[in-house]
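Next up, start-v9.txt (compact mmCIF, C-alpha atoms):
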# COMPACT_ATOMS: atom_id res chain seq x y z
CA MET A 779 -12.51 -26.68 0.22
CA HIS A 780 -15.50 -25.04 -1.43
CA GLY A 781 -17.61 -23.11 1.06
CA MET A 782 -14.94 -23.03 3.79
CA SER A 783 -13.46 -19.81 5.16
CA LEU A 784 -10.20 -18.65 3.63
CA PRO A 785 -7.07 -19.20 5.76
CA SER A 786 -5.48 -16.21 7.47
CA SER A 787 -2.96 -14.13 5.56
CA PRO A 788 0.45 -13.20 7.06
CA LEU A 789 -0.91 -9.72 7.86
CA GLN A 790 -3.88 -11.20 9.67
CA GLN A 791 -1.63 -13.62 11.54
CA LEU A 792 0.52 -10.68 12.63
CA ARG A 793 -2.57 -8.84 13.81
CA GLU A 794 -3.69 -11.89 15.79
CA ALA A 795 -0.30 -12.04 17.50
CA LEU A 796 -0.53 -8.35 18.38
CA VAL A 797 -4.09 -8.57 19.70
CA SER A 798 -3.25 -11.63 21.80
CA GLY A 799 -0.20 -9.92 23.28
CA ALA A 800 2.26 -12.41 21.82
CA LEU A 801 3.88 -9.42 20.12
CA THR A 802 3.87 -5.75 21.08
CA PRO A 803 3.42 -2.79 18.71
CA ARG A 804 6.89 -1.52 19.61
CA THR A 805 8.54 -4.88 18.84
CA VAL A 806 6.78 -5.10 15.49
CA ALA A 807 7.71 -1.49 14.70
CA GLU A 808 11.36 -2.17 15.50
CA ARG A 809 11.42 -5.13 13.12
CA ALA A 810 9.74 -3.13 10.39
CA LEU A 811 12.05 -0.14 10.75
CA SER A 812 15.11 -2.37 10.51
CA LYS A 813 14.09 -3.10 6.91
CA ALA A 814 13.45 0.52 5.88
CA ASN A 815 15.22 2.07 2.89
CA SER A 816 16.71 -1.23 1.80
CA ASN A 817 16.57 -0.45 -1.92
CA ALA A 818 19.69 0.57 -3.82
CA GLY A 819 18.94 4.29 -3.50
CA HIS A 820 18.08 4.02 0.21
CA ASN A 821 15.17 6.30 -0.62
CA VAL A 822 11.98 4.34 -0.07
CA TYR A 823 11.16 7.00 2.52
CA ILE A 824 11.64 10.73 2.10
CA THR A 825 11.13 11.29 5.82
CA ARG A 826 11.24 8.85 8.71
CA VAL A 827 12.06 9.29 12.39
CA PRO A 828 12.45 5.85 13.98
CA GLU A 829 12.39 7.24 17.52
CA TRP A 830 9.04 8.92 16.85
CA THR A 831 7.55 5.75 15.35
CA LEU A 832 8.69 3.66 18.31
CA SER A 833 7.35 6.20 20.77
CA GLU A 834 4.00 6.24 18.97
CA ALA A 835 3.91 2.43 18.98
CA ALA A 836 4.49 2.34 22.74
CA ALA A 837 1.78 4.97 23.22
CA THR A 838 -0.63 2.89 21.14
CA GLU A 839 0.01 -0.14 23.32
CA ALA A 840 -0.69 1.90 26.46
CA ARG A 841 -3.79 3.53 24.99
CA PHE A 842 -5.48 0.25 24.13
CA ALA A 843 -4.18 -1.81 27.06
CA GLY A 844 -6.94 -3.94 28.50
CA GLY A 845 -9.47 -2.87 25.90
CA GLU A 846 -10.65 -3.82 22.44
CA LYS A 847 -7.96 -3.47 19.81
CA PRO A 848 -8.71 -1.54 16.60
CA LEU A 849 -8.23 -3.10 13.18
CA LEU A 850 -4.73 -1.72 12.51
CA TYR A 851 -3.49 -2.15 16.08
CA GLY A 852 0.32 -2.24 16.00
CA LEU A 853 0.53 -2.84 12.26
CA PRO A 854 3.34 -0.91 10.50
CA VAL A 855 1.86 1.28 7.75
CA SER A 856 3.66 3.80 5.54
CA LEU A 857 2.17 7.12 4.42
CA LYS A 858 2.69 8.63 0.97
CA ASP A 859 4.35 12.04 1.28
CA CYS A 860 1.45 14.00 -0.15
CA PHE A 861 -0.56 13.59 3.06
CA ASP A 862 0.07 15.82 6.07
CA LEU A 863 1.37 14.23 9.26
CA ALA A 864 1.59 16.65 12.18
CA GLY A 865 5.19 17.61 12.93
CA PHE A 866 6.54 16.43 9.58
CA VAL A 867 7.25 18.11 6.27
CA THR A 868 4.97 17.24 3.36
CA SER A 869 7.10 17.39 0.22
CA CYS A 870 4.73 15.98 -2.42
CA GLY A 871 7.96 14.58 -3.84
CA SER A 872 9.45 18.04 -4.40
CA ARG A 873 12.11 19.88 -2.41
CA TYR A 874 10.38 23.12 -3.34
CA TYR A 875 7.36 22.28 -1.18
CA ALA A 876 9.48 20.71 1.55
CA GLU A 877 11.50 23.91 1.92
CA ARG A 878 8.64 26.35 1.39
CA ASP A 879 5.94 25.02 3.71
CA GLY A 880 7.72 23.76 6.81
CA LEU A 881 6.18 21.29 9.25
CA ALA A 882 2.52 20.30 9.03
CA ARG A 883 0.52 21.61 11.97
CA GLU A 884 -2.12 18.90 11.97
CA ASP A 885 -2.82 15.46 10.57
CA SER A 886 -4.57 14.95 7.28
CA GLY A 887 -7.75 12.95 7.49
CA VAL A 888 -6.01 9.76 6.46
CA ALA A 889 -3.17 10.17 8.98
CA ALA A 890 -5.69 10.81 11.74
CA ARG A 891 -7.57 7.68 10.72
CA LEU A 892 -4.42 5.55 10.81
CA ARG A 893 -3.71 6.72 14.34
CA GLU A 894 -7.31 6.15 15.39
CA GLN A 895 -7.05 2.59 14.10
CA GLY A 896 -3.80 1.98 16.00
CA ALA A 897 -1.36 1.79 13.08
CA SER A 898 2.34 2.43 13.58
CA ILE A 899 3.23 4.98 10.88
CA THR A 900 6.72 4.07 9.69
CA GLY A 901 7.40 7.26 7.73
CA LYS A 902 6.51 9.28 4.63
CA THR A 903 7.30 7.58 1.37
CA ASN A 904 8.96 8.69 -1.84
CA MET A 905 6.78 9.55 -4.82
CA HIS A 906 6.85 10.88 -8.35
CA PRO A 907 7.05 14.68 -7.96
CA LEU A 908 3.61 16.19 -7.37
CA ALA A 909 2.16 12.74 -8.12
CA TYR A 910 2.38 13.77 -11.76
CA GLY A 911 3.79 10.64 -13.36
CA ILE A 912 3.67 6.86 -13.25
CA THR A 913 7.35 5.83 -13.27
CA GLY A 914 8.58 6.71 -9.77
CA GLU A 915 11.48 8.75 -11.15
CA ASN A 916 12.33 11.69 -8.91
CA PRO A 917 15.10 14.24 -9.63
CA ASP A 918 15.02 15.65 -6.09
CA TYR A 919 14.98 12.53 -3.94
CA GLY A 920 16.24 9.93 -6.40
CA ASP A 921 14.44 7.39 -8.54
CA CYS A 922 12.63 4.80 -6.46
CA VAL A 923 13.79 1.34 -7.52
CA GLN A 924 12.54 -2.00 -6.28
CA PRO A 925 14.36 -3.36 -3.21
CA ASP A 926 15.04 -6.72 -4.82
CA ASP A 927 16.48 -5.46 -8.10
CA ALA A 928 17.84 -1.96 -8.79
CA ARG A 929 17.20 -2.39 -12.51
CA TRP A 930 13.47 -2.07 -11.97
CA LEU A 931 11.56 1.09 -11.13
CA THR A 932 8.60 0.63 -8.82
CA GLY A 933 6.29 2.71 -10.98
CA GLY A 934 4.40 5.61 -9.49
CA SER A 935 3.37 7.91 -8.37
CA SER A 936 3.02 5.85 -5.17
CA SER A 937 6.55 4.54 -5.64
CA GLY A 938 7.89 4.45 -2.11
CA ALA A 939 4.56 3.08 -0.92
CA ALA A 940 5.03 0.00 -3.10
CA ALA A 941 8.69 -0.35 -2.15
CA SER A 942 7.89 -0.16 1.56
CA VAL A 943 5.60 -3.18 1.27
CA GLN A 944 8.13 -5.03 -0.88
CA GLU A 945 10.95 -4.55 1.62
CA GLY A 946 8.79 -5.32 4.63
CA SER A 947 9.07 -1.99 6.42
CA ALA A 948 5.28 -1.75 6.12
CA VAL A 949 2.63 -4.45 5.86
CA ALA A 950 0.40 -2.01 3.99
CA ALA A 951 0.96 1.42 2.47
CA ILE A 952 -1.25 4.43 1.90
CA GLY A 953 -1.13 5.70 -1.68
CA SER A 954 -3.17 7.96 -3.89
CA ASP A 955 -4.39 7.35 -7.43
CA THR A 956 -5.44 9.90 -10.03
CA GLY A 957 -4.42 8.25 -13.29
CA GLY A 958 -2.88 4.97 -12.12
CA SER A 959 -0.68 5.95 -9.19
CA ILE A 960 -1.69 2.91 -7.10
CA ARG A 961 -2.55 0.55 -9.94
CA VAL A 962 0.74 0.95 -11.83
CA PRO A 963 3.15 0.27 -8.92
CA ALA A 964 0.92 -2.59 -7.77
CA ALA A 965 1.20 -4.18 -11.21
CA LEU A 966 4.95 -3.61 -11.56
CA CYS A 967 5.79 -4.76 -8.04
CA GLY A 968 3.58 -7.83 -7.81
CA LEU A 969 1.32 -6.31 -5.15
CA ALA A 970 -2.37 -5.80 -4.64
CA GLY A 971 -3.70 -2.30 -5.04
CA TYR A 972 -7.01 -0.86 -3.87
CA ARG A 973 -8.16 2.40 -5.43
CA ALA A 974 -11.23 3.70 -3.62
CA SER A 975 -14.00 5.71 -5.20
CA ILE A 976 -13.75 9.49 -5.20
CA GLU A 977 -16.43 9.85 -2.52
CA LEU A 978 -14.56 7.59 -0.12
CA GLY A 979 -11.33 9.52 -0.64
CA GLU A 980 -13.09 12.78 0.13
CA LYS A 981 -14.03 11.47 3.55
CA ARG A 982 -10.40 11.17 4.56
CA GLY A 983 -8.84 14.28 3.01
CA LEU A 984 -6.46 14.14 0.08
CA TRP A 985 -3.19 15.96 -0.37
CA LYS A 986 -1.45 18.48 1.76
CA GLY A 987 -3.72 21.01 3.36
CA GLY A 988 -6.74 19.31 1.76
CA ALA A 989 -5.68 20.37 -1.74
CA HIS A 990 -5.97 18.20 -4.83
CA LEU A 991 -4.05 17.38 -7.99
CA ALA A 992 -7.29 16.80 -9.89
CA GLU A 993 -10.34 17.05 -7.66
CA SER A 994 -12.61 15.02 -9.94
CA PHE A 995 -10.09 12.15 -10.23
CA ASP A 996 -8.03 11.98 -7.03
CA THR A 997 -8.63 8.92 -4.91
CA LEU A 998 -7.14 7.29 -1.85
CA GLY A 999 -6.17 3.68 -1.34
CA TRP A 1000 -3.87 0.89 -0.23
CA LEU A 1001 -0.95 -1.10 -1.54
CA PHE A 1002 -0.53 -4.49 0.12
CA ARG A 1003 0.58 -8.05 -0.57
CA ASP A 1004 -2.40 -10.34 -0.20
CA LEU A 1005 -5.90 -9.90 -1.63
CA ARG A 1006 -7.32 -11.54 1.49
CA ASP A 1007 -6.40 -8.38 3.40
CA GLY A 1008 -8.52 -6.10 1.22
CA PRO A 1009 -11.67 -6.32 3.38
CA LEU A 1010 -9.81 -5.60 6.63
CA LEU A 1011 -7.98 -2.62 5.13
CA ALA A 1012 -11.14 -1.27 3.51
CA GLU A 1013 -12.97 -1.40 6.82
CA ALA A 1014 -10.07 0.16 8.72
CA LEU A 1015 -9.79 3.16 6.40
CA PHE A 1016 -13.30 3.60 5.02
CA ASP A 1017 -15.67 1.80 7.43
CA LEU A 1018 -16.63 -0.52 4.57
CA ARG A 1019 -18.08 -3.86 5.63
CA VAL A 1020 -17.31 -6.65 3.19
CA PRO A 1021 -19.05 -10.03 3.48
CA ASN A 1022 -16.85 -12.94 4.53
CA MET A 1023 -15.10 -14.50 1.56
CA VAL A 1024 -15.11 -18.21 0.85
CA GLU A 1025 -13.04 -20.30 -1.49
CA ALA A 1026 -14.60 -21.08 -4.84
CA ARG A 1027 -13.58 -22.75 -8.06
CA VAL A 1028 -11.70 -20.17 -10.12
CA ARG A 1029 -12.40 -19.73 -13.81
CA ILE A 1030 -9.93 -17.75 -15.88
CA GLY A 1031 -10.56 -16.19 -19.26
CA CYS A 1032 -7.77 -16.74 -21.79
CA VAL A 1033 -7.33 -15.35 -25.29
CA GLY A 1034 -7.88 -17.71 -28.23
CA ALA A 1035 -5.21 -19.80 -29.92
CA GLU A 1036 -5.16 -17.59 -33.02
CA PHE A 1037 -3.64 -14.78 -30.98
CA PHE A 1038 -0.60 -16.86 -30.15
CA GLN A 1039 0.07 -17.71 -33.78
CA ARG A 1040 1.49 -14.21 -34.09
CA LEU A 1041 3.83 -14.64 -31.15
CA ARG A 1042 7.11 -16.46 -30.78
CA SER A 1043 6.92 -20.21 -30.45
CA GLY A 1044 5.95 -21.32 -26.97
CA GLY A 1045 4.07 -18.15 -26.01
CA SER A 1046 0.75 -19.92 -25.63
CA GLY A 1047 2.15 -22.61 -23.39
CA ARG A 1048 3.92 -20.14 -21.14
CA THR A 1049 0.85 -17.97 -20.79
CA ARG A 1050 -1.38 -20.90 -19.90
CA ALA A 1051 1.22 -22.21 -17.48
CA MET A 1052 1.41 -18.78 -15.84
CA ALA A 1053 -2.36 -18.67 -15.47
CA GLY A 1054 -2.34 -22.09 -13.86
CA THR A 1055 0.45 -21.15 -11.47
CA ALA A 1056 -1.02 -17.78 -10.49
CA PHE A 1057 -4.60 -18.87 -9.99
CA GLY A 1058 -4.45 -22.60 -9.41
CA ALA A 1059 -6.41 -23.26 -12.58
CA ARG A 1060 -6.77 -26.71 -14.08
CA ARG A 1061 -6.95 -27.26 -17.80
CA GLY A 1062 -10.74 -27.16 -17.78
CA ASP A 1063 -10.79 -23.84 -15.93
CA CYS A 1064 -9.09 -21.88 -18.73
CA TYR A 1065 -11.67 -20.95 -21.30
CA VAL A 1066 -12.14 -18.57 -24.22

Could the structure of this file be written out as structure tokens, please?
Amino acid sequence: MHGMSLPSSPLQQLREALVSGALTPRTVAERALSKANSNAGHNVYITRVPEWTLSEAAATEARFAGGEKPLLYGLPVSLKDCFDLAGFVTSCGSRYYAERDGLAREDSGVAARLREQGASITGKTNMHPLAYGITGENPDYGDCVQPDDARWLTGGSSSGAAASVQEGSAVAAIGSDTGGSIRVPAALCGLAGYRASIELGEKRGLWKGGAHLAESFDTLGWLFRDLRDGPLLAEALFDLRVPNMVEARVRIGCVGAEFFQRLRSGGSGRTRAMAGTAFGARRGDCYV
């Protein structure tokens, strides 16, 4: 298959169905919302208003009827609750801010971009308070645990963002990353995470009211399931153009045998088997 285009991902197949008219944004939004808050704490989202999301989805369909469809047309996307969305509270994961500041008067840059690109915003997701932590524990809104197993935290601070993709209420989720807040939940939840550069994040506006946790470190990005969707999401949010990817023979670097001598018996075999399963590597592809 070397040199051939990669097959479409489920997200891309969903987009194709939406663009062709086989599915409508409202129908897709209804299906996504039916899966929302399916974790044990029912707290993937801090704020969601299904009627608003469905109304927005119908408006998106009308707005782009008969014309070219934008990249996120009809796709359900969740928004981390440190970004303003007009008409909604921005809690930053803390009841103090939710009660003090009231409803946002205008969209943050990233929320405006999602709407411009035709996304159906499914709600504002749970997060580690003030984005100041990497576990996803939250004393105000409850710890965010993974939908499939309540024993496992999602990691944070973009905790609800990761959980929304896991449960299927969003096909992609907006997160932010200062010290690992996208990368950690992506790793713990088996997802892909894209942390943009600082300059790209500045273009879209971080945090409520344009404020920052750490201006020289804060970045914006995505949590999603399939690496094949990275280019589409990067273009939708940041206008980045990524060359078309093609399949290629994968080579995986593995640690040497001496490392495994210090581990329990069987560690080396399991690790090599995992590498082969995850990346489709043959014996000759795993090298030191």

For this session: Find, counting all atoms listed in the file, the residue in A:Val867, A:Leu892, A:Ile1030, A:Ala836 that gets nearest to Gly880 in chain A.
Result: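 The answer is A:Val867, which sits nearest to Gly880 in chain A.
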
For this session: Identify, on the basis of only C-alpha atoms, every residue whose closest approach to Asp921 in chain A does not exceed 10 Å; exclude the query and any residue fewer than 3 positions from it along the same chain; express the result as a ChimeraX atom specification.
Result: /A:818-819,821-822,904-906,913-918,924,928,931-933,937-938

For this session: Name all residues at most 12 Å from Leu850 in chain A (count only C-alpha atoms; drop same-chain ones fewer than 2 positions away) and give them as a VMD selection string.
Result: chain A and resid 789 to 790 792 to 794 796 to 797 803 835 838 to 839 842 846 to 848 852 to 855 891 to 899 948 to 951 1007 1010 to 1015

Exercise. Between CA of Ser942 in chain A and CA of Tyr823 in chain A, what is the distance, to one decimal in Å?
Worked result: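 Spanning CA of Ser942 in chain A to CA of Tyr823 in chain A is a straight-line distance of 7.9 Å.
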
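Distances here use all atoms listed in the file; by that measure, the residue among A:Arg878, A:Arg873, A:Lys858, A:Arg883 closest to Gly934 in chain A is A:Lys858.
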
For this session: Would you kindly return, as a ChimeraX atom specification, each protein, DNA or RNA residue with an atom no farther than 9 Å from any atom of range 863-865 of chain A, considering all atoms listed in the file and excluding same-chain residues fewer than 2 positions away?
Result: /A:857,859,861,867-868,881-886,889-890,902

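Among A:Ser812, A:Ser869, A:Ser936, A:Thr805, the residue with the shortest atom-to-atom distance to Thr956 in chain A, counting all atoms listed in the file, is A:Ser936.
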
Exercise. Which residue, A:Phe1002, A:Phe995, A:Trp930, A:Tyr874, has the smallest gap to Leu966 in chain A when you use only C-alpha atoms?
Worked result: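 Of all the options, A:Trp930 lies closest to Leu966 in chain A.
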
Problem set entry | Atomic separation - CA of Pro963 in chain A relative to CA of Trp830 in chain A, Å | 27.8 Å

For this session: Using CA of Lys813 in chain A and CA of Gly957 in chain A as the two end points, give the distance in Å to one decimal.
Result: 29.7 Å

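Among A:Ile952, A:Leu1005, A:Leu998, A:Ala840, the residue with the shortest atom-to-atom distance to Ala970 in chain A, counting all atoms listed in the file, is A:Leu1005.
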
Exercise. Out of A:Cys860, A:Ile912, A:Cys967, A:Leu1001, which residue has the shortest atom-to-atom distance to Asp927 in chain A when counting only C-alpha atoms?
Worked result: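 Closest to Asp927 in chain A of all the choices is A:Cys967.
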
Rebuild range 838-849 of chain A to N, CA, C and O atoms - output it as a PDB file, in the frame of the given file, please.
ATOM      1  N   THR A 838       0.530   3.648  21.602  1.00  0.00           N
ATOM      2  CA  THR A 838      -0.630   2.890  21.140  1.00  0.00           C
ATOM      3  C   THR A 838      -0.897   1.707  22.049  1.00  0.00           C
ATOM      4  O   THR A 838      -2.039   1.418  22.406  1.00  0.00           O
ATOM      5  N   GLU A 839       0.168   1.000  22.424  1.00  0.00           N
ATOM      6  CA  GLU A 839       0.010  -0.140  23.320  1.00  0.00           C
ATOM      7  C   GLU A 839      -0.617   0.287  24.642  1.00  0.00           C
ATOM      8  O   GLU A 839      -1.532  -0.372  25.161  1.00  0.00           O
ATOM      9  N   ALA A 840      -0.157   1.408  25.186  1.00  0.00           N
ATOM     10  CA  ALA A 840      -0.690   1.900  26.460  1.00  0.00           C
ATOM     11  C   ALA A 840      -2.144   2.347  26.307  1.00  0.00           C
ATOM     12  O   ALA A 840      -2.975   2.097  27.190  1.00  0.00           O
ATOM     13  N   ARG A 841      -2.447   2.984  25.182  1.00  0.00           N
ATOM     14  CA  ARG A 841      -3.790   3.530  24.990  1.00  0.00           C
ATOM     15  C   ARG A 841      -4.850   2.442  24.908  1.00  0.00           C
ATOM     16  O   ARG A 841      -5.972   2.610  25.366  1.00  0.00           O
ATOM     17  N   PHE A 842      -4.490   1.312  24.315  1.00  0.00           N
ATOM     18  CA  PHE A 842      -5.480   0.250  24.130  1.00  0.00           C
ATOM     19  C   PHE A 842      -5.273  -0.929  25.089  1.00  0.00           C
ATOM     20  O   PHE A 842      -5.875  -1.980  24.906  1.00  0.00           O
ATOM     21  N   ALA A 843      -4.441  -0.737  26.091  1.00  0.00           N
ATOM     22  CA  ALA A 843      -4.180  -1.810  27.060  1.00  0.00           C
ATOM     23  C   ALA A 843      -5.476  -2.187  27.773  1.00  0.00           C
ATOM     24  O   ALA A 843      -6.210  -1.346  28.282  1.00  0.00           O
ATOM     25  N   GLY A 844      -5.765  -3.469  27.777  1.00  0.00           N
ATOM     26  CA  GLY A 844      -6.940  -3.940  28.500  1.00  0.00           C
ATOM     27  C   GLY A 844      -8.258  -3.721  27.807  1.00  0.00           C
ATOM     28  O   GLY A 844      -9.310  -4.069  28.348  1.00  0.00           O
ATOM     29  N   GLY A 845      -8.233  -3.142  26.618  1.00  0.00           N
ATOM     30  CA  GLY A 845      -9.470  -2.870  25.900  1.00  0.00           C
ATOM     31  C   GLY A 845      -9.473  -3.518  24.524  1.00  0.00           C
ATOM     32  O   GLY A 845      -8.533  -4.223  24.140  1.00  0.00           O
ATOM     33  N   GLU A 846     -10.534  -3.272  23.785  1.00  0.00           N
ATOM     34  CA  GLU A 846     -10.650  -3.820  22.440  1.00  0.00           C
ATOM     35  C   GLU A 846      -9.623  -3.167  21.525  1.00  0.00           C
ATOM     36  O   GLU A 846      -9.401  -1.954  21.570  1.00  0.00           O
ATOM     37  N   LYS A 847      -8.997  -3.962  20.696  1.00  0.00           N
ATOM     38  CA  LYS A 847      -7.960  -3.470  19.810  1.00  0.00           C
ATOM     39  C   LYS A 847      -8.549  -3.103  18.448  1.00  0.00           C
ATOM     40  O   LYS A 847      -9.321  -3.875  17.874  1.00  0.00           O
ATOM     41  N   PRO A 848      -8.196  -1.932  17.911  1.00  0.00           N
ATOM     42  CA  PRO A 848      -8.710  -1.540  16.600  1.00  0.00           C
ATOM     43  C   PRO A 848      -8.083  -2.370  15.477  1.00  0.00           C
ATOM     44  O   PRO A 848      -7.124  -3.128  15.697  1.00  0.00           O
ATOM     45  N   LEU A 849      -8.598  -2.224  14.286  1.00  0.00           N
ATOM     46  CA  LEU A 849      -8.230  -3.100  13.180  1.00  0.00           C
ATOM     47  C   LEU A 849      -6.755  -3.038  12.800  1.00  0.00           C
ATOM     48  O   LEU A 849      -6.169  -4.034  12.373  1.00  0.00           O
TER      49      LEU A 849
END
